[in-house]
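The structure file upload-v4.cif is reproduced below (mmCIF, C-alpha atoms).
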```cif
data_upload
loop_
_atom_site.label_atom_id
_atom_site.label_comp_id
_atom_site.auth_asym_id
_atom_site.auth_seq_id
_atom_site.Cartn_x
_atom_site.Cartn_y
_atom_site.Cartn_z
CA MET K 279 -18.22 -0.15 14.89
CA ASN K 280 -21.27 1.09 13.09
CA THR K 281 -23.66 -1.82 12.96
CA THR K 282 -25.69 -0.70 9.97
CA ASN K 283 -24.72 -0.05 6.39
CA THR K 284 -24.83 3.69 6.99
CA PRO K 285 -21.42 5.14 6.20
CA ILE K 286 -19.67 6.52 9.25
CA LEU K 287 -18.62 9.53 7.17
CA SER K 288 -20.56 10.76 4.20
CA ALA K 289 -19.61 13.82 2.16
CA ARG K 290 -22.03 15.29 -0.36
CA ASP K 291 -21.24 17.94 -2.95
CA LEU K 292 -18.32 19.33 -0.95
CA ARG K 293 -16.98 22.57 -2.38
CA HIS K 294 -14.22 24.76 -1.07
CA SER K 295 -12.08 27.53 -2.47
CA PHE K 296 -8.93 29.27 -1.34
CA GLY K 297 -9.30 32.72 -2.92
CA PRO K 298 -9.66 32.20 -6.66
CA THR K 299 -8.55 28.55 -6.47
CA ASP K 300 -11.24 25.87 -6.33
CA ALA K 301 -9.73 23.21 -4.07
CA LEU K 302 -12.85 21.01 -3.92
CA ARG K 303 -15.34 21.01 -6.77
CA GLY K 304 -18.28 18.91 -5.62
CA ILE K 305 -17.04 15.80 -3.87
CA ASP K 306 -19.26 12.88 -2.90
CA LEU K 307 -17.61 10.27 -0.72
CA ASP K 308 -18.75 7.56 1.69
CA VAL K 309 -16.48 5.94 4.25
CA GLN K 310 -17.74 2.77 5.90
CA ALA K 311 -17.18 2.08 9.60
CA GLY K 312 -14.00 0.09 10.20
CA GLU K 313 -12.80 0.74 6.68
CA VAL K 314 -9.26 1.85 5.89
CA LEU K 315 -9.53 4.28 2.97
CA ALA K 316 -6.58 5.75 1.08
CA VAL K 317 -7.15 9.12 -0.56
CA MET K 318 -4.65 9.47 -3.36
CA GLY K 319 -3.93 12.07 -5.98
CA PRO K 320 -1.29 14.43 -7.32
CA SER K 321 0.09 17.35 -5.30
CA GLY K 322 -2.43 20.17 -5.07
CA SER K 323 -5.34 17.93 -6.12
CA GLY K 324 -7.34 18.79 -3.01
CA LYS K 325 -6.85 15.55 -1.08
CA SER K 326 -5.63 17.24 2.11
CA THR K 327 -8.42 19.83 1.88
CA LEU K 328 -10.87 16.94 1.62
CA LEU K 329 -9.38 15.31 4.73
CA HIS K 330 -9.58 18.60 6.64
CA CYS K 331 -13.24 19.03 5.69
CA LEU K 332 -14.10 15.44 6.65
CA ALA K 333 -12.38 15.93 10.02
CA GLY K 334 -14.03 19.27 10.77
CA VAL K 335 -10.70 21.09 10.74
CA LEU K 336 -11.98 23.15 7.82
CA THR K 337 -15.57 24.20 7.16
CA PRO K 338 -16.37 23.74 3.45
CA ASP K 339 -17.91 26.64 1.51
CA SER K 340 -20.85 24.36 0.73
CA GLY K 341 -21.89 20.74 0.94
CA THR K 342 -22.23 18.46 3.95
CA VAL K 343 -20.14 15.99 5.93
CA THR K 344 -22.32 13.67 7.96
CA TYR K 345 -20.70 11.76 10.81
CA SER K 346 -22.76 8.74 11.91
CA PRO K 347 -21.03 6.67 14.61
CA ALA K 348 -22.83 3.63 16.00
CA ASN K 349 -25.62 4.30 18.46
CA GLN K 350 -25.45 8.07 18.02
CA ALA K 351 -27.55 10.50 16.03
CA PRO K 352 -25.85 11.56 12.77
CA ARG K 353 -24.19 14.97 12.91
CA ASP K 354 -23.34 17.44 10.17
CA VAL K 355 -19.69 18.15 10.97
CA GLY K 356 -19.72 21.47 9.11
CA GLY K 357 -22.82 22.59 10.99
CA LEU K 358 -21.24 22.26 14.44
CA ASN K 359 -19.93 25.34 16.19
CA GLU K 360 -16.19 25.69 16.86
CA GLN K 361 -16.47 24.36 20.42
CA GLU K 362 -18.46 21.30 19.34
CA ARG K 363 -16.01 20.57 16.55
CA SER K 364 -13.04 20.88 18.92
CA ARG K 365 -14.74 18.42 21.24
CA LEU K 366 -15.39 16.01 18.37
CA ARG K 367 -11.75 16.19 17.27
CA LEU K 368 -10.64 15.49 20.81
CA THR K 369 -12.99 12.63 21.62
CA ASP K 370 -13.85 10.90 18.35
CA PHE K 371 -11.09 11.72 15.89
CA GLY K 372 -7.36 11.05 15.91
CA PHE K 373 -4.79 12.76 13.69
CA VAL K 374 -1.39 11.82 12.30
CA PHE K 375 0.52 14.27 10.10
CA GLN K 376 3.52 13.92 7.82
CA PHE K 377 5.88 15.42 10.36
CA GLY K 378 4.69 14.00 13.68
CA GLN K 379 4.30 17.48 15.17
CA LEU K 380 5.39 16.25 18.55
CA LEU K 381 6.14 18.81 21.25
CA PRO K 382 9.95 18.95 21.28
CA GLU K 383 10.32 19.70 25.00
CA LEU K 384 8.21 16.72 26.14
CA ASN K 385 9.38 13.12 26.14
CA ALA K 386 7.59 10.43 24.11
CA LEU K 387 5.39 9.31 27.00
CA ASP K 388 4.23 12.84 27.83
CA ASN K 389 3.59 13.58 24.16
CA VAL K 390 1.33 10.54 23.89
CA SER K 391 -0.58 11.33 27.07
CA ILE K 392 -1.48 14.93 26.08
CA PRO K 393 -4.83 14.11 24.42
CA LEU K 394 -5.91 12.10 27.46
CA LEU K 395 -4.98 14.90 29.85
CA LEU K 396 -6.89 17.37 27.66
CA ALA K 397 -9.88 15.01 27.82
CA GLY K 398 -9.75 15.17 31.62
CA ILE K 399 -8.15 11.79 32.37
CA LYS K 400 -6.04 11.81 35.56
CA ARG K 401 -2.29 11.82 34.93
CA PRO K 402 -1.46 8.36 36.39
CA GLU K 403 -4.14 6.72 34.24
CA ALA K 404 -3.10 8.76 31.20
CA LEU K 405 0.52 7.66 31.64
CA ARG K 406 -0.54 4.03 32.12
CA ARG K 407 -2.58 3.96 28.90
CA SER K 408 0.17 5.76 27.02
CA THR K 409 2.79 3.30 28.22
CA VAL K 410 0.70 0.34 27.03
CA LEU K 411 0.34 1.89 23.60
CA LEU K 412 4.02 2.79 23.30
CA GLU K 413 4.87 -0.83 24.08
CA ARG K 414 2.47 -2.02 21.36
CA LEU K 415 4.35 0.21 18.94
CA ASP K 416 7.72 -1.24 19.96
CA LEU K 417 8.67 1.95 21.77
CA GLY K 418 8.68 0.67 25.33
CA SER K 419 12.32 1.63 25.85
CA MET K 420 11.91 5.03 24.20
CA SER K 421 9.25 6.54 26.47
CA GLY K 422 11.73 8.84 28.24
CA LYS K 423 13.32 10.12 25.05
CA LEU K 424 12.70 13.58 23.63
CA PRO K 425 11.48 13.73 20.01
CA GLY K 426 14.88 15.05 18.93
CA GLU K 427 16.48 11.86 20.23
CA LEU K 428 14.24 9.58 18.15
CA SER K 429 14.66 8.42 14.54
CA GLY K 430 12.05 9.58 12.01
CA GLY K 431 10.26 6.24 12.17
CA GLN K 432 10.25 6.17 15.97
CA ALA K 433 8.94 9.74 16.17
CA GLN K 434 6.18 8.88 13.72
CA ARG K 435 5.21 5.86 15.79
CA VAL K 436 4.97 8.16 18.83
CA ALA K 437 2.66 10.37 16.75
CA VAL K 438 0.56 7.29 15.92
CA ALA K 439 0.38 6.39 19.62
CA ARG K 440 -0.72 9.95 20.44
CA ALA K 441 -3.42 9.76 17.78
CA LEU K 442 -4.74 6.40 18.98
CA VAL K 443 -4.44 6.83 22.74
CA THR K 444 -7.97 8.22 23.06
CA ALA K 445 -9.33 5.20 21.12
CA PRO K 446 -10.77 7.42 18.36
CA THR K 447 -13.60 6.24 16.14
CA VAL K 448 -11.90 7.71 13.07
CA LEU K 449 -8.20 8.20 12.47
CA PHE K 450 -7.22 10.85 9.92
CA ALA K 451 -3.69 10.47 8.60
CA ASP K 452 -2.15 13.01 6.21
CA GLU K 453 0.91 11.51 4.47
CA PRO K 454 1.81 9.63 7.67
CA THR K 455 4.92 8.13 6.12
CA GLY K 456 5.73 10.93 3.69
CA SER K 457 9.01 11.76 5.37
CA LEU K 458 10.19 8.19 5.98
CA ASP K 459 12.25 5.69 3.99
CA SER K 460 10.67 2.45 2.72
CA LEU K 461 11.55 0.27 5.68
CA ALA K 462 10.53 2.81 8.33
CA SER K 463 7.27 3.47 6.41
CA GLU K 464 6.48 -0.22 6.37
CA ASN K 465 7.15 -0.49 10.07
CA VAL K 466 4.93 2.48 10.96
CA LEU K 467 2.07 1.36 8.71
CA THR K 468 2.18 -2.29 9.77
CA LEU K 469 1.98 -1.40 13.45
CA MET K 470 -0.59 1.35 12.93
CA LEU K 471 -2.85 -0.88 10.84
CA GLU K 472 -2.54 -3.74 13.31
CA LEU K 473 -3.85 -1.48 16.08
CA VAL K 474 -6.66 0.11 14.08
CA ARG K 475 -7.90 -3.19 12.66
CA GLU K 476 -7.90 -4.69 16.13
CA ALA K 477 -9.96 -1.77 17.45
CA GLY K 478 -12.21 -1.46 14.38
CA THR K 479 -11.09 2.15 13.92
CA THR K 480 -12.05 3.78 10.63
CA VAL K 481 -9.06 5.31 8.84
CA VAL K 482 -8.91 8.02 6.19
CA MET K 483 -5.32 8.22 5.00
CA VAL K 484 -4.11 10.78 2.49
CA THR K 485 -1.09 9.55 0.60
CA HIS K 486 0.54 9.96 -2.78
CA ASP K 487 2.52 6.77 -2.20
CA PRO K 488 0.94 3.62 -3.74
CA ARG K 489 2.86 1.32 -1.40
CA SER K 490 1.31 3.08 1.61
CA ALA K 491 -2.11 3.07 -0.04
CA ALA K 492 -1.79 -0.70 -0.51
CA TYR K 493 -2.27 -1.11 3.24
CA ALA K 494 -5.79 0.30 2.86
CA ASP K 495 -8.95 -1.62 1.94
CA ARG K 496 -9.57 0.62 -1.06
CA GLU K 497 -8.48 3.90 -2.54
CA VAL K 498 -10.07 6.90 -4.18
CA ILE K 499 -8.22 9.29 -6.46
CA VAL K 500 -8.77 13.04 -6.13
CA ARG K 501 -7.87 15.05 -9.19
CA ASP K 502 -8.49 18.79 -9.69
CA GLY K 503 -10.74 18.90 -6.65
CA ALA K 504 -12.99 16.04 -7.74
CA ILE K 505 -13.03 12.27 -7.30
CA SER K 506 -11.57 10.72 -10.44
CA ALA K 507 -14.12 9.15 -12.80
CA GLY K 508 -13.38 5.50 -12.04
CA TYR K 509 -13.74 5.98 -8.30
CA ARG K 510 -17.01 7.90 -8.02
CA ILE K 511 -20.03 6.62 -6.11
CA PRO K 512 -22.32 5.06 -8.75
CA ALA K 513 -25.20 7.42 -9.52
CA MET D 1438 10.74 -15.33 -14.70
CA ASN D 1439 12.80 -17.91 -16.58
CA ASN D 1440 11.78 -21.22 -14.99
CA SER D 1441 14.31 -23.33 -16.91
CA LEU D 1442 17.30 -21.28 -15.87
CA THR D 1443 16.01 -21.02 -12.33
CA LEU D 1444 15.76 -24.82 -12.13
CA LEU D 1445 19.22 -25.12 -13.67
CA GLY D 1446 20.53 -22.66 -11.08
CA LEU D 1447 19.00 -24.76 -8.29
CA LEU D 1448 20.71 -27.84 -9.69
CA GLY D 1449 23.97 -25.87 -9.51
CA ARG D 1450 23.89 -26.23 -5.73
CA GLU D 1451 23.92 -30.03 -5.69
CA PRO D 1452 22.63 -32.98 -7.71
CA SER D 1453 18.91 -33.51 -7.18
CA TYR D 1454 15.88 -35.61 -8.11
CA GLY D 1455 13.15 -33.94 -10.16
CA TYR D 1456 10.76 -34.34 -7.24
CA ASP D 1457 13.10 -32.61 -4.78
CA LEU D 1458 13.95 -29.97 -7.35
CA LYS D 1459 10.29 -29.08 -7.80
CA HIS D 1460 9.87 -28.66 -4.05
CA SER D 1461 12.99 -26.51 -3.82
CA TYR D 1462 11.62 -24.32 -6.58
CA ASP D 1463 8.21 -24.02 -4.89
CA ARG D 1464 9.80 -23.12 -1.57
CA TYR D 1465 11.79 -20.23 -3.02
CA PHE D 1466 9.78 -19.06 -6.00
CA GLY D 1467 6.42 -20.80 -6.06
CA ILE D 1468 4.74 -18.82 -3.31
CA GLU D 1469 1.84 -17.95 -5.57
CA LYS D 1470 2.01 -20.62 -8.20
CA ALA D 1471 3.71 -23.95 -7.69
CA LEU D 1472 5.52 -25.49 -10.63
CA ALA D 1473 3.76 -28.47 -12.25
CA PHE D 1474 5.64 -31.79 -12.10
CA GLY D 1475 5.14 -32.20 -15.83
CA GLN D 1476 6.88 -28.92 -16.48
CA VAL D 1477 9.82 -29.92 -14.28
CA TYR D 1478 10.34 -33.25 -16.05
CA ALA D 1479 9.92 -31.72 -19.51
CA THR D 1480 12.47 -29.06 -18.61
CA LEU D 1481 14.89 -31.65 -17.22
CA ALA D 1482 14.60 -33.75 -20.41
CA ARG D 1483 15.33 -30.67 -22.51
CA MET D 1484 18.32 -29.75 -20.39
CA VAL D 1485 19.70 -33.32 -20.69
CA ARG D 1486 19.32 -33.08 -24.46
CA ASP D 1487 21.15 -29.72 -24.46
CA GLU D 1488 23.88 -31.24 -22.22
CA LEU D 1489 23.29 -28.68 -19.48
CA ILE D 1490 22.66 -31.50 -17.00
CA ARG D 1491 23.17 -35.27 -16.95
CA ALA D 1492 21.50 -38.15 -15.13
CA VAL D 1493 23.47 -39.81 -12.37
CA GLY D 1494 22.47 -42.91 -10.37
CA GLU D 1495 19.19 -44.73 -10.39
CA GLU D 1496 18.38 -45.02 -6.67
CA THR D 1497 15.10 -43.63 -5.23
CA GLY D 1498 15.07 -40.20 -3.57
CA GLY D 1499 12.41 -38.37 -1.50
CA GLY D 1500 9.79 -39.01 -4.20
CA PRO D 1501 9.08 -41.63 -6.82
CA ASP D 1502 12.02 -40.60 -9.03
CA ARG D 1503 14.75 -42.96 -10.01
CA LYS D 1504 16.94 -40.46 -11.78
CA LYS D 1505 19.13 -37.93 -10.09
CA TYR D 1506 20.48 -35.03 -12.14
CA GLU D 1507 23.63 -32.99 -11.86
CA ILE D 1508 24.69 -29.86 -13.67
CA THR D 1509 27.43 -30.06 -16.32
CA ALA D 1510 30.21 -27.52 -16.89
CA THR D 1511 28.19 -26.16 -19.85
CA GLY D 1512 25.20 -25.82 -17.52
CA GLN D 1513 27.32 -23.95 -14.97
CA ASP D 1514 28.50 -21.54 -17.66
CA LYS D 1515 24.91 -21.05 -18.78
CA VAL D 1516 23.81 -20.21 -15.22
CA ARG D 1517 26.67 -17.71 -14.74
CA SER D 1518 25.94 -16.10 -18.08
CA TRP D 1519 22.26 -15.78 -17.11
CA LEU D 1520 23.08 -14.37 -13.68
CA PHE D 1521 25.38 -11.68 -14.97
CA THR D 1522 23.52 -10.59 -18.07
CA PRO D 1523 21.08 -7.82 -17.14
CA ASP D 1524 17.51 -8.15 -18.43
CA THR D 1525 15.97 -5.72 -20.85
CA PRO D 1526 13.25 -3.84 -18.98
CA SER D 1527 9.87 -5.22 -20.06
CA GLU D 1528 7.78 -2.79 -22.05
CA THR D 1529 4.94 -5.15 -22.92
CA LEU D 1530 2.45 -3.78 -20.45
CA GLN D 1531 3.33 -0.13 -21.01
CA SER D 1532 3.16 -0.36 -24.77
CA ASP D 1533 -0.24 -2.05 -24.58
CA LEU D 1534 -1.54 0.55 -22.15
CA PHE D 1535 -0.05 3.28 -24.31
CA ALA D 1536 -1.87 1.89 -27.36
CA LYS D 1537 -5.16 1.68 -25.46
CA THR D 1538 -4.78 5.25 -24.23
CA VAL D 1539 -4.03 6.64 -27.68
CA ILE D 1540 -6.88 4.68 -29.28
CA ALA D 1541 -9.29 5.85 -26.56
CA LEU D 1542 -8.30 9.46 -27.23
CA LEU D 1543 -8.58 9.00 -30.98
CA LEU D 1544 -12.05 7.51 -30.53
CA GLU D 1545 -12.89 10.38 -28.17
CA ASP D 1546 -13.56 7.77 -25.52
CA ASP D 1547 -12.82 8.09 -21.80
CA ALA D 1548 -9.06 7.64 -21.49
CA ASP D 1549 -9.17 8.92 -17.91
CA ARG D 1550 -11.48 6.08 -16.96
CA LEU D 1551 -9.37 3.54 -18.78
CA LEU D 1552 -6.30 4.63 -16.80
CA ASP D 1553 -8.31 4.67 -13.57
CA LEU D 1554 -9.41 1.09 -14.20
CA GLN D 1555 -5.83 0.03 -14.79
CA ARG D 1556 -4.73 1.90 -11.69
CA ALA D 1557 -7.42 0.16 -9.62
CA GLU D 1558 -6.23 -3.20 -10.95
CA HIS D 1559 -2.64 -2.36 -10.04
CA MET D 1560 -3.68 -1.19 -6.58
CA ALA D 1561 -5.66 -4.39 -6.00
CA ARG D 1562 -2.54 -6.39 -6.85
CA MET D 1563 -0.46 -4.22 -4.52
CA ARG D 1564 -2.92 -4.86 -1.70
CA GLU D 1565 -2.63 -8.60 -2.33
CA LEU D 1566 1.16 -8.46 -2.19
CA THR D 1567 1.09 -6.26 0.90
CA ARG D 1568 -1.20 -8.73 2.65
CA ALA D 1569 1.06 -11.61 1.61
CA LYS D 1570 3.99 -9.91 3.38
CA LYS D 1571 2.27 -10.01 6.75
CA ASP D 1572 3.92 -12.59 8.99
CA ALA D 1573 5.80 -14.01 5.99
CA GLN D 1574 9.40 -15.13 5.98
CA LEU D 1575 11.94 -12.56 4.80
CA LEU D 1576 12.46 -14.43 1.54
CA GLN D 1577 8.78 -14.06 0.67
CA VAL D 1578 8.74 -10.46 1.86
CA LEU D 1579 11.58 -9.61 -0.54
CA MET D 1580 9.81 -11.31 -3.41
CA CYS D 1581 6.62 -9.37 -2.69
CA ASP D 1582 8.63 -6.12 -2.42
CA HIS D 1583 10.10 -6.78 -5.83
CA GLY D 1584 6.60 -7.04 -7.28
CA LEU D 1585 5.39 -3.99 -5.36
CA PHE D 1586 8.16 -1.71 -6.61
CA HIS D 1587 7.58 -2.78 -10.20
CA ILE D 1588 3.85 -2.14 -9.99
CA GLU D 1589 4.62 1.21 -8.42
CA ALA D 1590 6.73 2.13 -11.45
CA ASP D 1591 3.77 1.35 -13.72
CA LEU D 1592 1.54 3.48 -11.53
CA ARG D 1593 3.89 6.43 -11.85
CA TRP D 1594 3.64 6.15 -15.60
CA ILE D 1595 -0.17 5.98 -15.34
CA ASP D 1596 -0.21 9.08 -13.11
CA LEU D 1597 2.02 11.06 -15.42
CA THR D 1598 0.04 10.02 -18.48
CA THR D 1599 -3.20 10.95 -16.74
CA ALA D 1600 -1.76 14.39 -15.98
CA ARG D 1601 -0.80 14.80 -19.64
CA LEU D 1602 -4.01 13.51 -21.24
CA THR D 1603 -5.35 16.92 -22.25
CA GLN D 1604 -2.06 17.85 -23.92
CA LEU D 1605 -1.82 14.42 -25.53
CA LYS D 1606 -5.33 14.70 -26.92
CA LYS D 1607 -4.52 18.10 -28.47
CA GLU D 1608 -1.35 16.77 -30.06
CA LEU D 1609 -3.17 13.72 -31.46
CA GLN D 1610 -5.88 15.89 -32.96
CA HIS D 1611 -3.26 17.96 -34.77
CA ALA D 1612 -1.11 15.05 -35.81
#
```
As structure tokens:
Amino acid sequence: MNTTNTPILSARDLRHSFGPTDALRGIDLDVQAGEVLAVMGPSGSGKSTLLHCLAGVLTPDSGTVTYSPANQAPRDVGGLNEQERSRLRLTDFGFVFQFGQLLPELNALDNVSIPLLLAGIKRPEALRRSTVLLERLDLGSMSGKLPGELSGGQAQRVAVARALVTAPTVLFADEPTGSLDSLASENVLTLMLELVREAGTTVVMVTHDPRSAAYADREVIVRDGAISAGYRIPA
Amino acid sequence: MNNSLTLLGLLGREPSYGYDLKHSYDRYFGIEKALAFGQVYATLARMVRDELIRAVGEETGGGPDRKKYEITATGQDKVRSWLFTPDTPSETLQSDLFAKTVIALLLEDDADRLLDLQRAEHMARMRELTRAKKDAQLLQVLMCDHGLFHIEADLRWIDLTTARLTQLKKELQHA
């Protein structure tokens, strides 16, 4: 965890357009290390665009995203070249999406171990770490199953395991329970939050669901590409 | 929550001392706020007067009480009537928030901020309830879920109102 009060992620005056549509209209946002932040807002408000800019998936038209992990020099995520950003996403960031986006032809264990193999970890070690994580997510008996053989909640837990297996500093989750029923959502979030709180992982979770957002430490509301009045950083 | 009828319902299981009844209530429903002894005894006295319960025996129970109470047939009817009469959805909060929103718009004040503040308050309460569910017994989890879903309904109204503020302001100006 970051040992100072410097936010681990700090966005300033983020602006981004898709053609004539202004998706982000000057966003300022700080995320503290170890914090679980929910980004809420109506459909099309720009919350996913914000997440993509914070994670370096998307380069904003203007503005900065500063990433300041403990004991490392701060970096402007938008200023990194494609290769550097890919590296950052592989080593420091984890991602969970609404539909797990698991590879259908690989079993749960292999799906989880992919990021480790891409990071150069030897296969036996990658499988060992993945197995430990699957067990923590109550999926010990499911490791040989293909995604198509898992329930929605189980598949999403595999996606969580895949996102956390590299021990990321920041986990970005975009509607992680958007396709699940209440009970499965609760199960996924409870287990996910248990793991991230234990590890001190920072989480930025986009959700339109207040019950999911209630697992976070705080929320911000994005509306029409801007942080809603009551949630802005005090000037 | 109707404490009197809930206590009467608990007495419907078996005769009980006020002391034991209070602890039963707290175990099931007093997770956040235990019932005061004074309230229990006042309620019992009222229910005796209304012939919903009657005192039986004078021996000592788990606490300092001497009187044990049992439900009467009238009390049983009252409990059944309560159980199977649906409640009118509460509109107190929404009407108050509605009034505040309209007044804010009429005063050309920041209705957006007002709704954001209420939303933040609701979310804080949801976080509390979500934390209370962790490692809790299923009974408590269900109680928290009940609260969470109700707050969520309020939030949906807040979101929809927020989305309609501009239109609402126009309509109010021309009203």
Result set, the PyMOL selection byres ((chain D and resi 1475-1491) around 9) on current file, as a CSV table (one decimal) with C-alpha atoms, keeping the file's coordinate frame:
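So part_18.csv came out as:
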```
chain,number,residue,atom,x,y,z
D,1440,ASN,CA,11.8,-21.2,-15.0
D,1441,SER,CA,14.3,-23.3,-16.9
D,1444,LEU,CA,15.8,-24.8,-12.1
D,1445,LEU,CA,19.2,-25.1,-13.7
D,1448,LEU,CA,20.7,-27.8,-9.7
D,1455,GLY,CA,13.2,-33.9,-10.2
D,1456,TYR,CA,10.8,-34.3,-7.2
D,1458,LEU,CA,14.0,-30.0,-7.4
D,1459,LYS,CA,10.3,-29.1,-7.8
D,1472,LEU,CA,5.5,-25.5,-10.6
D,1473,ALA,CA,3.8,-28.5,-12.2
D,1474,PHE,CA,5.6,-31.8,-12.1
D,1492,ALA,CA,21.5,-38.2,-15.1
D,1493,VAL,CA,23.5,-39.8,-12.4
D,1505,LYS,CA,19.1,-37.9,-10.1
D,1506,TYR,CA,20.5,-35.0,-12.1
D,1507,GLU,CA,23.6,-33.0,-11.9
D,1508,ILE,CA,24.7,-29.9,-13.7
D,1509,THR,CA,27.4,-30.1,-16.3
D,1510,ALA,CA,30.2,-27.5,-16.9
D,1511,THR,CA,28.2,-26.2,-19.8
D,1512,GLY,CA,25.2,-25.8,-17.5
D,1513,GLN,CA,27.3,-24.0,-15.0
D,1515,LYS,CA,24.9,-21.0,-18.8
```
With 10 Å as the limit and counting only C-alpha atoms, what residues in chain D lie close to chain K? Please list them as a CSV table (one decimal) with C-alpha atoms, in the coordinates of the input.
```
chain,number,residue,atom,x,y,z
D,1547,ASP,CA,-12.8,8.1,-21.8
D,1549,ASP,CA,-9.2,8.9,-17.9
D,1550,ARG,CA,-11.5,6.1,-17.0
D,1551,LEU,CA,-9.4,3.5,-18.8
D,1552,LEU,CA,-6.3,4.6,-16.8
D,1553,ASP,CA,-8.3,4.7,-13.6
D,1554,LEU,CA,-9.4,1.1,-14.2
D,1555,GLN,CA,-5.8,0.0,-14.8
D,1556,ARG,CA,-4.7,1.9,-11.7
D,1557,ALA,CA,-7.4,0.2,-9.6
D,1559,HIS,CA,-2.6,-2.4,-10.0
D,1560,MET,CA,-3.7,-1.2,-6.6
D,1561,ALA,CA,-5.7,-4.4,-6.0
D,1562,ARG,CA,-2.5,-6.4,-6.8
D,1563,MET,CA,-0.5,-4.2,-4.5
D,1564,ARG,CA,-2.9,-4.9,-1.7
D,1565,GLU,CA,-2.6,-8.6,-2.3
D,1566,LEU,CA,1.2,-8.5,-2.2
D,1567,THR,CA,1.1,-6.3,0.9
D,1568,ARG,CA,-1.2,-8.7,2.6
D,1571,LYS,CA,2.3,-10.0,6.8
D,1582,ASP,CA,8.6,-6.1,-2.4
D,1585,LEU,CA,5.4,-4.0,-5.4
D,1586,PHE,CA,8.2,-1.7,-6.6
D,1588,ILE,CA,3.8,-2.1,-10.0
D,1589,GLU,CA,4.6,1.2,-8.4
D,1590,ALA,CA,6.7,2.1,-11.4
D,1592,LEU,CA,1.5,3.5,-11.5
D,1593,ARG,CA,3.9,6.4,-11.8
D,1596,ASP,CA,-0.2,9.1,-13.1
D,1597,LEU,CA,2.0,11.1,-15.4
D,1599,THR,CA,-3.2,11.0,-16.7
D,1600,ALA,CA,-1.8,14.4,-16.0
```
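The space separating CA of Asp370 (chain K) from CA of Val448 (chain K) comes to 6.5 Å.
Residues selected in this file by the PyMOL selection byres ((chain K and resi 511) around 10) comprise Ile305, Asp306, Leu307, Asp308, Ile505, Ala507, Gly508, Tyr509, Arg510, Pro512 and Ala513 of chain K.
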Task: Contacts of region 469-476 of chain K at 7 Å (all atoms listed in the file; same-chain gap of 3+ positions) as a PyMOL selection string - done: chain K and resi 415+438+465-466+479
Serialized selection, C-alpha atoms, as a PDB file, keeping the file's coordinate frame:
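What landed in selection35.pdb:
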```pdb
ATOM      1  CA  LEU K 415       4.350   0.210  18.940  1.00  0.00           C
ATOM      2  CA  VAL K 438       0.560   7.290  15.920  1.00  0.00           C
ATOM      3  CA  ASN K 465       7.150  -0.490  10.070  1.00  0.00           C
ATOM      4  CA  VAL K 466       4.930   2.480  10.960  1.00  0.00           C
ATOM      5  CA  THR K 479     -11.090   2.150  13.920  1.00  0.00           C
TER       6      THR K 479
END
```
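Around Ala451 (chain K), within 10 Å and counting all atoms listed in the file, the residues found are Ala316, Val317, Ser326, Leu329, Gly372, Phe373, Val374, Phe375, Gln376, Val438, Ala441, Thr455, Val481, Val482, Met483, Val484 and Thr485 of chain K, once anything fewer than 4 positions away on its own chain is removed.
Between Gly1584 (chain D) and the candidates D:Arg1601, D:His1460, D:Lys1570, D:His1611, the tightest atom-to-atom separation, counting only C-alpha atoms, involves D:Lys1570.
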Could you tell me which residues the PyMOL selection byres ((chain K and resi 287-299) around 9) returns for this structure, as an mmCIF file with C-alpha atoms, in the coordinates of the input?
```cif
data_model
loop_
_atom_site.group_PDB
_atom_site.id
_atom_site.type_symbol
_atom_site.label_atom_id
_atom_site.label_comp_id
_atom_site.auth_asym_id
_atom_site.auth_seq_id
_atom_site.Cartn_x
_atom_site.Cartn_y
_atom_site.Cartn_z
ATOM 1 C CA THR K 284 -24.830 3.690 6.990
ATOM 2 C CA PRO K 285 -21.420 5.140 6.200
ATOM 3 C CA ILE K 286 -19.670 6.520 9.250
ATOM 4 C CA ASP K 300 -11.240 25.870 -6.330
ATOM 5 C CA ALA K 301 -9.730 23.210 -4.070
ATOM 6 C CA LEU K 302 -12.850 21.010 -3.920
ATOM 7 C CA ARG K 303 -15.340 21.010 -6.770
ATOM 8 C CA GLY K 304 -18.280 18.910 -5.620
ATOM 9 C CA ILE K 305 -17.040 15.800 -3.870
ATOM 10 C CA ASP K 306 -19.260 12.880 -2.900
ATOM 11 C CA LEU K 307 -17.610 10.270 -0.720
ATOM 12 C CA ASP K 308 -18.750 7.560 1.690
ATOM 13 C CA VAL K 309 -16.480 5.940 4.250
ATOM 14 C CA GLN K 310 -17.740 2.770 5.900
ATOM 15 C CA ALA K 311 -17.180 2.080 9.600
ATOM 16 C CA THR K 327 -8.420 19.830 1.880
ATOM 17 C CA LEU K 328 -10.870 16.940 1.620
ATOM 18 C CA CYS K 331 -13.240 19.030 5.690
ATOM 19 C CA LEU K 332 -14.100 15.440 6.650
ATOM 20 C CA THR K 337 -15.570 24.200 7.160
ATOM 21 C CA PRO K 338 -16.370 23.740 3.450
ATOM 22 C CA ASP K 339 -17.910 26.640 1.510
ATOM 23 C CA SER K 340 -20.850 24.360 0.730
ATOM 24 C CA GLY K 341 -21.890 20.740 0.940
ATOM 25 C CA THR K 342 -22.230 18.460 3.950
ATOM 26 C CA VAL K 343 -20.140 15.990 5.930
ATOM 27 C CA THR K 344 -22.320 13.670 7.960
ATOM 28 C CA TYR K 345 -20.700 11.760 10.810
ATOM 29 C CA SER K 346 -22.760 8.740 11.910
ATOM 30 C CA PRO K 347 -21.030 6.670 14.610
ATOM 31 C CA GLY K 503 -10.740 18.900 -6.650
#
```
Open item on the list: Can you tell me which residues surround region 1604-1608 of chain D at a distance of at most 12 Å, considering all atoms listed in the file, apart from same-chain residues fewer than 6 positions away, and format the answer as number ranges by chain?
Closed with: D: 1535, 1538-1549, 1597-1598
